[in-house]
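Here is data-v1.txt, consisting of compact mmCIF, C-alpha atoms and all ligand atoms:
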# COMPACT_ATOMS: atom_id res chain seq x y z
CA MET H 1 -46.21 122.44 -211.22
CA PRO H 2 -42.94 120.86 -210.01
CA ASN H 3 -41.52 117.59 -211.33
CA VAL H 4 -40.27 114.88 -208.99
CA ALA H 5 -36.48 114.57 -209.03
CA GLY H 6 -35.85 110.97 -207.99
CA ILE H 7 -37.28 107.82 -206.43
CA VAL H 8 -36.38 107.11 -202.83
CA TYR H 9 -38.05 104.12 -201.16
CA ILE H 10 -40.73 101.44 -201.36
CA ARG H 11 -43.22 100.88 -198.54
CA LEU H 12 -44.60 97.36 -198.00
CA THR H 13 -46.43 95.58 -195.21
CA ALA H 14 -45.73 92.02 -194.04
CA PRO H 15 -47.11 89.78 -191.28
CA ASP H 16 -43.66 88.68 -190.07
CA LEU H 17 -40.85 91.23 -190.02
CA ASP H 18 -38.23 88.57 -189.19
CA VAL H 19 -39.07 86.70 -192.38
CA GLN H 20 -39.02 89.91 -194.41
CA GLU H 21 -35.72 91.06 -192.89
CA THR H 22 -34.05 87.73 -193.62
CA PHE H 23 -35.11 87.87 -197.26
CA LEU H 24 -34.00 91.48 -197.70
CA SER H 25 -30.62 90.73 -196.13
CA HIS H 26 -30.15 87.83 -198.53
CA PHE H 27 -31.28 90.13 -201.36
CA GLY H 28 -28.51 92.61 -200.50
CA LEU H 29 -29.99 95.33 -198.29
CA GLU H 30 -28.62 96.42 -194.92
CA LYS H 31 -30.77 96.86 -191.79
CA VAL H 32 -30.91 100.42 -190.47
CA LEU H 33 -33.65 100.29 -187.85
CA ARG H 34 -36.02 97.66 -186.56
CA THR H 35 -38.87 98.40 -184.16
CA ASP H 36 -41.78 96.16 -183.14
CA THR H 37 -43.77 97.39 -186.13
CA LYS H 38 -41.30 98.74 -188.71
CA LEU H 39 -38.22 97.63 -190.60
CA TYR H 40 -35.96 100.10 -192.45
CA MET H 41 -33.29 98.83 -194.85
CA ARG H 42 -30.70 100.80 -196.83
CA GLY H 43 -28.47 100.39 -199.86
CA THR H 44 -24.87 101.51 -200.29
CA ASP H 45 -25.81 104.94 -201.69
CA SER H 46 -26.54 107.88 -199.42
CA ASN H 47 -30.27 107.57 -198.69
CA PRO H 48 -30.62 106.46 -195.03
CA TYR H 49 -33.23 103.89 -196.11
CA ILE H 50 -34.72 102.68 -199.40
CA HIS H 51 -37.05 99.90 -198.19
CA ILE H 52 -39.66 100.13 -195.41
CA THR H 53 -41.76 97.19 -194.20
CA GLU H 54 -44.54 97.75 -191.69
CA LEU H 55 -46.15 94.97 -189.68
CA GLY H 56 -49.54 93.90 -191.07
CA GLU H 57 -51.27 91.74 -193.65
CA ALA H 58 -49.08 91.64 -196.78
CA SER H 59 -49.82 94.60 -199.02
CA VAL H 60 -48.17 97.35 -201.05
CA PRO H 61 -49.15 100.79 -199.71
CA GLY H 62 -46.91 102.67 -202.18
CA TRP H 63 -43.53 104.28 -202.74
CA ALA H 64 -41.80 107.65 -202.46
CA TYR H 65 -40.40 110.17 -204.94
CA LEU H 66 -38.03 113.06 -204.20
CA ALA H 67 -38.93 116.74 -204.38
CA ALA H 68 -35.95 118.81 -205.57
CA SER H 69 -36.53 121.58 -203.02
CA ALA H 70 -38.68 122.57 -200.04
CA GLU H 71 -40.54 124.93 -202.38
CA ASP H 72 -41.29 122.06 -204.73
CA LEU H 73 -42.64 120.00 -201.82
CA VAL H 74 -45.05 122.83 -201.01
CA GLY H 75 -46.04 122.78 -204.68
CA PHE H 76 -46.96 119.09 -204.42
CA ALA H 77 -48.99 119.84 -201.27
CA GLU H 78 -51.16 122.14 -203.39
CA LEU H 79 -52.39 119.27 -205.57
CA ASP H 80 -56.04 118.27 -205.05
CA CYS H 81 -54.98 114.74 -204.10
CA ALA H 82 -52.35 115.88 -201.57
CA SER H 83 -52.05 116.01 -197.79
CA GLU H 84 -50.41 118.93 -196.05
CA VAL H 85 -46.63 118.86 -195.57
CA GLN H 86 -45.85 116.47 -192.67
CA GLU H 87 -42.69 115.73 -190.73
CA ILE H 88 -41.25 112.25 -191.36
CA ASP H 89 -40.76 110.17 -188.22
CA ALA H 90 -37.90 108.00 -189.47
CA PRO H 91 -34.07 108.04 -189.66
CA GLY H 92 -32.90 111.29 -191.27
CA GLY H 93 -36.16 113.16 -190.58
CA GLY H 94 -37.30 115.42 -193.39
CA ASN H 95 -40.77 116.21 -194.69
CA ARG H 96 -43.28 114.55 -196.93
CA VAL H 97 -46.60 114.96 -198.72
CA LEU H 98 -48.96 112.01 -199.20
CA LEU H 99 -50.72 111.81 -202.57
CA ASP H 100 -53.89 109.78 -202.98
CA GLU H 101 -53.28 107.81 -206.21
CA ASP H 102 -56.92 106.87 -206.72
CA VAL H 103 -56.50 105.08 -210.06
CA ASN H 104 -54.80 102.02 -208.55
CA GLY H 105 -55.21 102.66 -204.83
CA PHE H 106 -51.62 103.50 -203.88
CA THR H 107 -50.48 106.21 -201.49
CA ILE H 108 -47.60 107.95 -203.25
CA GLU H 109 -45.23 109.94 -201.04
CA VAL H 110 -43.11 112.90 -202.11
CA VAL H 111 -40.26 113.64 -199.71
CA HIS H 112 -37.67 116.35 -199.15
CA GLY H 113 -34.96 117.12 -196.62
CA ILE H 114 -34.15 113.58 -195.45
CA GLU H 115 -30.62 113.85 -194.09
CA GLN H 116 -28.28 111.81 -196.25
CA VAL H 117 -25.68 109.40 -194.85
CA GLU H 118 -22.17 108.38 -195.87
CA PRO H 119 -22.25 105.94 -198.79
CA MET H 120 -20.97 102.47 -197.89
CA PRO H 121 -17.74 101.34 -199.60
CA VAL H 122 -18.29 98.93 -202.49
CA ARG H 123 -15.60 96.80 -204.08
CA ARG H 124 -16.20 96.75 -207.82
CA ASN H 125 -14.63 94.38 -210.28
CA MET H 126 -12.36 96.05 -212.82
CA VAL H 127 -12.96 94.30 -216.12
CA ASN H 128 -10.35 93.85 -218.84
CA TRP H 129 -12.43 94.01 -221.99
CA GLY H 130 -13.31 96.11 -225.03
CA GLU H 131 -11.14 99.18 -225.54
CA GLU H 132 -9.69 98.89 -222.03
CA PRO H 133 -7.97 95.50 -221.72
CA LEU H 134 -5.52 96.78 -219.08
CA ARG H 135 -7.81 98.22 -216.43
CA ARG H 136 -6.77 95.47 -214.01
CA THR H 137 -3.08 94.55 -214.13
CA ASN H 138 -0.87 92.45 -211.88
CA GLU H 139 -3.92 91.75 -209.75
CA ALA H 140 -6.26 88.76 -209.73
CA THR H 141 -10.04 89.12 -209.40
CA ARG H 142 -11.48 87.20 -206.46
CA LEU H 143 -15.14 88.13 -206.04
CA ALA H 144 -16.64 87.39 -202.63
CA HIS H 145 -19.54 84.94 -202.50
CA GLY H 146 -22.59 86.43 -200.85
CA PRO H 147 -25.55 88.73 -201.39
CA ALA H 148 -25.60 91.35 -204.12
CA THR H 149 -24.68 94.91 -203.17
CA VAL H 150 -27.85 96.98 -203.55
CA LYS H 151 -27.12 100.65 -204.26
CA ARG H 152 -30.50 102.36 -204.50
CA MET H 153 -34.13 101.96 -205.49
CA ALA H 154 -34.34 102.37 -209.27
CA HIS H 155 -38.00 102.04 -210.31
CA ALA H 156 -41.48 100.81 -209.50
CA VAL H 157 -43.61 98.89 -211.98
CA LEU H 158 -47.34 98.51 -211.65
CA ALA H 159 -50.09 96.53 -213.27
CA THR H 160 -53.26 98.51 -213.82
CA THR H 161 -56.77 98.01 -215.15
CA ASP H 162 -56.56 101.51 -216.69
CA VAL H 163 -53.26 102.40 -218.38
CA GLU H 164 -54.47 105.76 -219.76
CA ALA H 165 -55.76 107.02 -216.38
CA THR H 166 -52.57 105.81 -214.67
CA LEU H 167 -50.36 107.73 -217.10
CA ALA H 168 -52.54 110.83 -216.73
CA TRP H 169 -52.06 110.63 -212.94
CA TYR H 170 -48.29 110.10 -212.85
CA ARG H 171 -47.49 112.50 -215.68
CA GLY H 172 -50.02 115.10 -214.56
CA ASN H 173 -49.18 115.12 -210.84
CA LEU H 174 -45.50 114.12 -210.74
CA GLY H 175 -44.23 115.43 -214.08
CA LEU H 176 -43.01 112.06 -215.35
CA THR H 177 -42.41 111.96 -219.09
CA CYS H 178 -42.73 109.22 -221.71
CA SER H 179 -39.74 107.12 -222.77
CA ASP H 180 -41.70 104.42 -224.63
CA ASP H 181 -45.44 103.90 -225.06
CA VAL H 182 -46.14 100.28 -226.02
CA HIS H 183 -49.11 99.66 -228.33
CA ASP H 184 -50.69 96.39 -229.39
CA GLN H 185 -49.32 95.67 -232.83
CA GLU H 186 -52.74 94.60 -234.17
CA THR H 187 -55.33 96.78 -232.42
CA GLY H 188 -53.14 99.81 -231.67
CA GLU H 189 -54.38 99.80 -228.05
CA LEU H 190 -52.00 101.33 -225.48
CA MET H 191 -50.82 98.30 -223.48
CA ALA H 192 -48.00 99.68 -221.37
CA SER H 193 -45.74 102.67 -220.92
CA PHE H 194 -42.19 103.36 -219.70
CA ASN H 195 -41.80 106.78 -218.05
CA ARG H 196 -38.77 108.67 -216.76
CA LEU H 197 -38.06 111.69 -214.60
CA ASP H 198 -38.06 115.01 -216.44
CA LYS H 199 -34.87 116.74 -215.32
CA GLY H 200 -34.23 118.69 -218.51
CA GLU H 201 -30.67 118.17 -219.76
CA ASP H 202 -29.70 115.95 -216.81
CA TYR H 203 -29.48 112.28 -217.72
CA VAL H 204 -31.91 109.96 -215.92
CA ASP H 205 -32.78 106.25 -216.02
CA HIS H 206 -34.86 105.21 -219.04
CA HIS H 207 -37.73 104.52 -216.64
CA VAL H 208 -38.63 105.29 -213.06
CA LEU H 209 -42.18 104.01 -213.62
CA PHE H 210 -43.48 101.32 -215.93
CA ALA H 211 -47.25 100.75 -216.07
CA MET H 212 -48.77 97.77 -217.86
CA LYS H 213 -52.28 96.54 -218.45
CA GLY H 214 -53.39 93.86 -215.98
CA GLU H 215 -56.47 92.07 -214.66
CA VAL H 216 -55.96 93.75 -211.29
CA SER H 217 -54.09 96.84 -210.15
CA GLY H 218 -51.01 96.31 -208.00
CA LEU H 219 -47.23 96.31 -207.78
CA ASN H 220 -45.68 94.23 -210.55
CA HIS H 221 -42.15 94.65 -209.18
CA VAL H 222 -39.78 96.99 -207.41
CA ALA H 223 -36.26 97.38 -208.82
CA PHE H 224 -32.97 98.08 -207.11
CA GLU H 225 -29.72 98.96 -208.82
CA VAL H 226 -26.70 96.86 -207.79
CA ALA H 227 -22.97 97.49 -208.22
CA ASP H 228 -22.36 95.94 -211.65
CA ILE H 229 -22.96 92.87 -213.82
CA ASP H 230 -20.75 90.67 -211.63
CA ASP H 231 -22.91 91.74 -208.72
CA VAL H 232 -26.14 90.71 -210.49
CA MET H 233 -24.66 87.24 -211.07
CA THR H 234 -23.14 86.98 -207.60
CA GLY H 235 -26.51 87.87 -206.06
CA HIS H 236 -28.29 85.40 -208.32
CA GLU H 237 -26.01 82.53 -207.33
CA TYR H 238 -26.28 83.48 -203.67
CA LEU H 239 -30.11 83.55 -203.61
CA LYS H 240 -30.10 80.21 -205.44
CA SER H 241 -27.71 78.76 -202.85
CA VAL H 242 -29.94 79.89 -199.96
CA ASP H 243 -32.62 77.71 -201.56
CA GLU H 244 -35.58 79.35 -199.81
CA TYR H 245 -36.84 81.82 -202.40
CA GLU H 246 -38.71 81.54 -205.68
CA HIS H 247 -36.91 82.82 -208.75
CA VAL H 248 -39.10 84.74 -211.23
CA TRP H 249 -37.09 85.76 -214.31
CA GLY H 250 -33.50 86.25 -215.47
CA VAL H 251 -30.66 86.69 -215.74
CA GLY H 252 -31.06 88.66 -218.97
CA ARG H 253 -30.78 92.06 -220.61
CA HIS H 254 -33.94 94.09 -221.28
CA SER H 255 -34.69 95.70 -224.61
CA LEU H 256 -36.49 98.84 -223.40
CA GLY H 257 -34.27 100.26 -220.66
CA ASP H 258 -31.24 98.07 -221.45
CA GLN H 259 -30.69 96.82 -217.89
CA VAL H 260 -29.15 93.48 -217.01
CA PHE H 261 -31.79 92.07 -214.66
CA ASP H 262 -32.74 89.29 -212.24
CA TYR H 263 -36.15 88.96 -210.51
CA TRP H 264 -37.07 87.15 -207.27
CA PHE H 265 -40.24 86.82 -205.18
CA ASP H 266 -40.02 88.00 -201.60
CA PRO H 267 -41.71 85.64 -199.08
CA TYR H 268 -45.06 87.41 -199.69
CA LYS H 269 -45.04 87.30 -203.50
CA ARG H 270 -43.77 90.84 -204.08
CA VAL H 271 -41.28 90.72 -206.94
CA HIS H 272 -37.88 92.35 -206.23
CA GLU H 273 -35.46 93.05 -209.10
CA HIS H 274 -31.69 93.45 -209.16
CA ASN H 275 -30.46 95.44 -212.14
CA THR H 276 -27.48 97.34 -213.50
CA ASP H 277 -26.41 99.28 -216.61
CA ASN H 278 -29.47 101.48 -217.22
CA ALA H 279 -30.06 103.33 -220.49
CA MET H 280 -29.61 107.01 -219.56
CA PHE H 281 -31.71 109.60 -221.42
CA ASN H 282 -32.30 113.35 -221.22
CA ASN H 283 -34.68 115.78 -222.92
CA GLN H 284 -32.92 115.34 -226.27
CA VAL H 285 -34.74 112.01 -226.68
CA PRO H 286 -38.46 112.38 -227.46
CA GLY H 287 -41.06 109.93 -226.20
CA ASN H 288 -41.19 106.91 -228.47
CA LYS H 289 -44.05 104.71 -229.71
CA VAL H 290 -43.34 100.99 -230.04
CA THR H 291 -45.41 97.82 -230.43
CA ASN H 292 -45.60 94.77 -228.23
CA SER H 293 -43.88 92.64 -230.88
CA GLN H 294 -41.02 90.35 -229.90
CA ASP H 295 -38.61 92.78 -231.62
CA ASP H 296 -39.59 95.59 -229.28
CA LEU H 297 -40.17 93.74 -226.02
CA GLY H 298 -38.05 90.59 -226.23
CA GLY H 299 -34.87 90.84 -224.23
CA GLN H 300 -31.47 91.37 -225.88
CA TRP H 301 -30.36 88.09 -224.31
CA GLY H 302 -31.63 85.76 -221.61
CA PRO H 303 -34.82 83.74 -221.17
CA PRO H 304 -38.34 85.04 -221.96
CA PRO H 305 -40.50 86.20 -219.03
CA PRO H 306 -42.80 83.64 -217.40
CA ASP H 307 -46.36 83.99 -218.73
CA PHE H 308 -47.89 85.06 -215.40
CA PHE H 309 -45.49 87.99 -215.01
CA LEU H 310 -46.91 90.25 -217.73
CA GLY H 311 -49.84 91.91 -215.99
CA TYR H 312 -49.00 90.47 -212.56
CA GLY H 313 -49.88 92.84 -209.72
CA MET H 314 -49.84 92.69 -205.90
CA PRO H 315 -52.22 95.24 -204.36
FE FE H 401 -37.74 96.52 -213.78

Would you mind writing the file out in structure tokens?
Ligand SMILES: [Fe+2]
Amino acid sequence: MPNVAGIVYIRLTAPDLDVQETFLSHFGLEKVLRTDTKLYMRGTDSNPYIHITELGEASVPGWAYLAASAEDLVGFAELDCASEVQEIDAPGGGNRVLLDEDVNGFTIEVVHGIEQVEPMPVRRNMVNWGEEPLRRTNEATRLAHGPATVKRMAHAVLATTDVEATLAWYRGNLGLTCSDDVHDQETGELMASFNRLDKGEDYVDHHVLFAMKGEVSGLNHVAFEVADIDDVMTGHEYLKSVDEYEHVWGVGRHSLGDQVFDYWFDPYKRVHEHNTDNAMFNNQVPGNKVTNSQDDLGGQWGPPPPDFFLGYGMP
């Protein structure tokens, strides 16, 4: 069975595409295509789009992973829960397989052959610190005010009424592998789990999927990598200055995964995360078992999460 090789885009629905587009532009995505019923937005990396919104009652249909080859895509089409290979009617074309994720009710897509585009230029701040105090010389830093610069989709996080069945589905069908399983420190119950791509010796983000126990199943948040730490803060200040969106959590640095993060609600209560500086692991690091104590889950710095957020899910 093949393993997925990346995460590509999120698919949402929203009753007003103008409202959604305005938020996503303020969040730091760039419009690629807008029709009467669909909105495609990209980041600065080479995927032609990383965020799709379709017109309709607000919901979260699912998200898409990458198949490493056309042969792998055919392998995914052989799963019991899979559709046949279909052509994608969207910028860059390509093919996909739809997987019926029946534990939480998502439709998970696996895609291959989407034509990549030129990355967009990004101005990064050169920082004079640590062992390299002379990276920027005879030049002043003047960061532009404005939205963050979103690079790519980084991970999806879901709340689920059944953590064990969720992990069996994503590990069994997509080949995801454990980074950290989080157990209740008193009962030992599996409460949550961070999972990464399995690409052998290649380094990957600490997690591409985090699943946590919740009262309902749904999307907890979708995360996008931005240019750097300055970009997280620039984006934070910009969204604050727009004064139309609800802030959820941050800025801080996670324990498990290490990222510097900042979370905001979109206009329909789907949480969108900016992050940067992921922990990068490969197959030399075995899956780890931790507890839900403050030591394991508390951030390395920054405020604690709001109470509602642990277990929050938007179907
Ligand atoms: Fe996240």

Return as a PDB file with C-alpha atoms, keeping the file's coordinate frame the residues of protein, DNA or RNA that approach ligand FE 401 (chain H) to within 10 Å, with all atoms listed in the file taken into account.
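Okay, out-v5.pdb is ready:
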ATOM      1  CA  ALA H 154     -34.340 102.370-209.270  1.00  0.00           C
ATOM      2  CA  HIS H 155     -38.000 102.040-210.310  1.00  0.00           C
ATOM      3  CA  ALA H 156     -41.480 100.810-209.500  1.00  0.00           C
ATOM      4  CA  VAL H 157     -43.610  98.890-211.980  1.00  0.00           C
ATOM      5  CA  HIS H 207     -37.730 104.520-216.640  1.00  0.00           C
ATOM      6  CA  VAL H 208     -38.630 105.290-213.060  1.00  0.00           C
ATOM      7  CA  LEU H 209     -42.180 104.010-213.620  1.00  0.00           C
ATOM      8  CA  PHE H 210     -43.480 101.320-215.930  1.00  0.00           C
ATOM      9  CA  ASN H 220     -45.680  94.230-210.550  1.00  0.00           C
ATOM     10  CA  HIS H 221     -42.150  94.650-209.180  1.00  0.00           C
ATOM     11  CA  VAL H 222     -39.780  96.990-207.410  1.00  0.00           C
ATOM     12  CA  ALA H 223     -36.260  97.380-208.820  1.00  0.00           C
ATOM     13  CA  PHE H 224     -32.970  98.080-207.110  1.00  0.00           C
ATOM     14  CA  GLU H 225     -29.720  98.960-208.820  1.00  0.00           C
ATOM     15  CA  HIS H 254     -33.940  94.090-221.280  1.00  0.00           C
ATOM     16  CA  LEU H 256     -36.490  98.840-223.400  1.00  0.00           C
ATOM     17  CA  GLY H 257     -34.270 100.260-220.660  1.00  0.00           C
ATOM     18  CA  GLN H 259     -30.690  96.820-217.890  1.00  0.00           C
ATOM     19  CA  VAL H 260     -29.150  93.480-217.010  1.00  0.00           C
ATOM     20  CA  PHE H 261     -31.790  92.070-214.660  1.00  0.00           C
ATOM     21  CA  ASP H 262     -32.740  89.290-212.240  1.00  0.00           C
ATOM     22  CA  TYR H 263     -36.150  88.960-210.510  1.00  0.00           C
ATOM     23  CA  VAL H 271     -41.280  90.720-206.940  1.00  0.00           C
ATOM     24  CA  HIS H 272     -37.880  92.350-206.230  1.00  0.00           C
ATOM     25  CA  GLU H 273     -35.460  93.050-209.100  1.00  0.00           C
ATOM     26  CA  HIS H 274     -31.690  93.450-209.160  1.00  0.00           C
ATOM     27  CA  ASN H 275     -30.460  95.440-212.140  1.00  0.00           C
TER      28      ASN H 275
END

Review point. Any idea what's packed within 7 Å of Glu115 in chain H, counting only C-alpha atoms, ignoring anything in its chain fewer than 3 positions away? Could you give it as a ChimeraX atom specification?
Key: /H:92-94

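Reported to one decimal place, the separation of CA of Asp230 in chain H from CA of Asp45 in chain H is 18.1 Å.
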
Review point. Which protein, DNA or RNA residues have an atom at most 7 Å from (-50.7, 121.0, -213.3), counting only C-alpha atoms? List them as a ChimeraX atom specification.
Key: /H:1,172-173

Residues from the last selection, C-alpha atoms, saved as a PDB file, keeping the file's coordinate frame:
ATOM      1  CA  MET H   1     -46.210 122.440-211.220  1.00  0.00           C
ATOM      2  CA  GLY H 172     -50.020 115.100-214.560  1.00  0.00           C
ATOM      3  CA  ASN H 173     -49.180 115.120-210.840  1.00  0.00           C
TER       4      ASN H 173
END

Revision key, fill the gap. For Asp184 in chain H, the closest of H:Val74, H:Thr53, H:Met212, H:Met314 counting all atoms listed in the file is H:Met212

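Nearest to Thr276 in chain H of all the residues H:Lys151, H:His112, H:Arg11, H:Lys213 is H:Lys151, based on all atoms listed in the file.
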
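Distance annotation: of H:Lys289, H:His145, H:His26, H:Arg34, the residue with the minimal separation from Pro267 in chain H is H:His26; atom set is all atoms listed in the file.
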
Point to revise | Selection as a ChimeraX atom specification: residues within 10 Å of (-45.8, 86.7, -213.2), counting all atoms listed in the file | key: /H:220-221,248-249,265,269,271,305-313

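Proximity ranking of H:Gly56, H:Gly62, H:Gly175, H:Pro121 relative to Asp102 in chain H places H:Gly62 first, based on only C-alpha atoms.
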
**Study point:** All residues 10 Å or closer to Pro15 in chain H, only C-alpha atoms, same chain fewer than 4 positions away omitted, as JSON, numbers by chain
**Key:** {"H": [19, 20, 37, 53, 54, 55, 56, 57, 58, 59, 268]}

Point to revise | Nearest to Ala159 in chain H, chosen from H:Gly252, H:Gly6, H:Gly75, H:Gly218, with all atoms listed in the file counted in the distances | key: H:Gly218

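Here CA of Ser241 in chain H is placed at a distance of 20.1 Å from CA of Ala227 in chain H.
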
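Proximity ranking of H:Asp205, H:Glu164, H:Asp16, H:Glu139 relative to Ala192 in chain H places H:Glu164 first, based on all atoms listed in the file.
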
Point to revise | Polymer residues at most 10 Å from Leu167 in chain H, all atoms listed in the file, same-chain spacing of 2 or more positions, as a ChimeraX atom specification | key: /H:103,162-165,169-173,176-178,192-195,209-211

Could you write out that same residue set with C-alpha atoms as a short mmCIF file (atom, residue, chain, number, x, y, z; two decimals), in the frame of the given file?
data_model
loop_
_atom_site.label_atom_id
_atom_site.label_comp_id
_atom_site.auth_asym_id
_atom_site.auth_seq_id
_atom_site.Cartn_x
_atom_site.Cartn_y
_atom_site.Cartn_z
CA VAL H 103 -56.50 105.08 -210.06
CA ASP H 162 -56.56 101.51 -216.69
CA VAL H 163 -53.26 102.40 -218.38
CA GLU H 164 -54.47 105.76 -219.76
CA ALA H 165 -55.76 107.02 -216.38
CA TRP H 169 -52.06 110.63 -212.94
CA TYR H 170 -48.29 110.10 -212.85
CA ARG H 171 -47.49 112.50 -215.68
CA GLY H 172 -50.02 115.10 -214.56
CA ASN H 173 -49.18 115.12 -210.84
CA LEU H 176 -43.01 112.06 -215.35
CA THR H 177 -42.41 111.96 -219.09
CA CYS H 178 -42.73 109.22 -221.71
CA ALA H 192 -48.00 99.68 -221.37
CA SER H 193 -45.74 102.67 -220.92
CA PHE H 194 -42.19 103.36 -219.70
CA ASN H 195 -41.80 106.78 -218.05
CA LEU H 209 -42.18 104.01 -213.62
CA PHE H 210 -43.48 101.32 -215.93
CA ALA H 211 -47.25 100.75 -216.07
#

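Between CA of Pro147 in chain H and CA of Val226 in chain H the interatomic distance comes to 10.4 Å.
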
Practice item. For Tyr40 in chain H, work out the shell of residues within 9 Å, counting all atoms listed in the file and skipping chain neighbours fewer than 3 positions away, then give it as a list in words. Key: Glu30, Lys31, Val32, Leu33, Arg34, Thr35, Pro48, Tyr49, Ile50, His51, Ile52, Thr53, Glu54, Ala90 and Pro91 of chain H
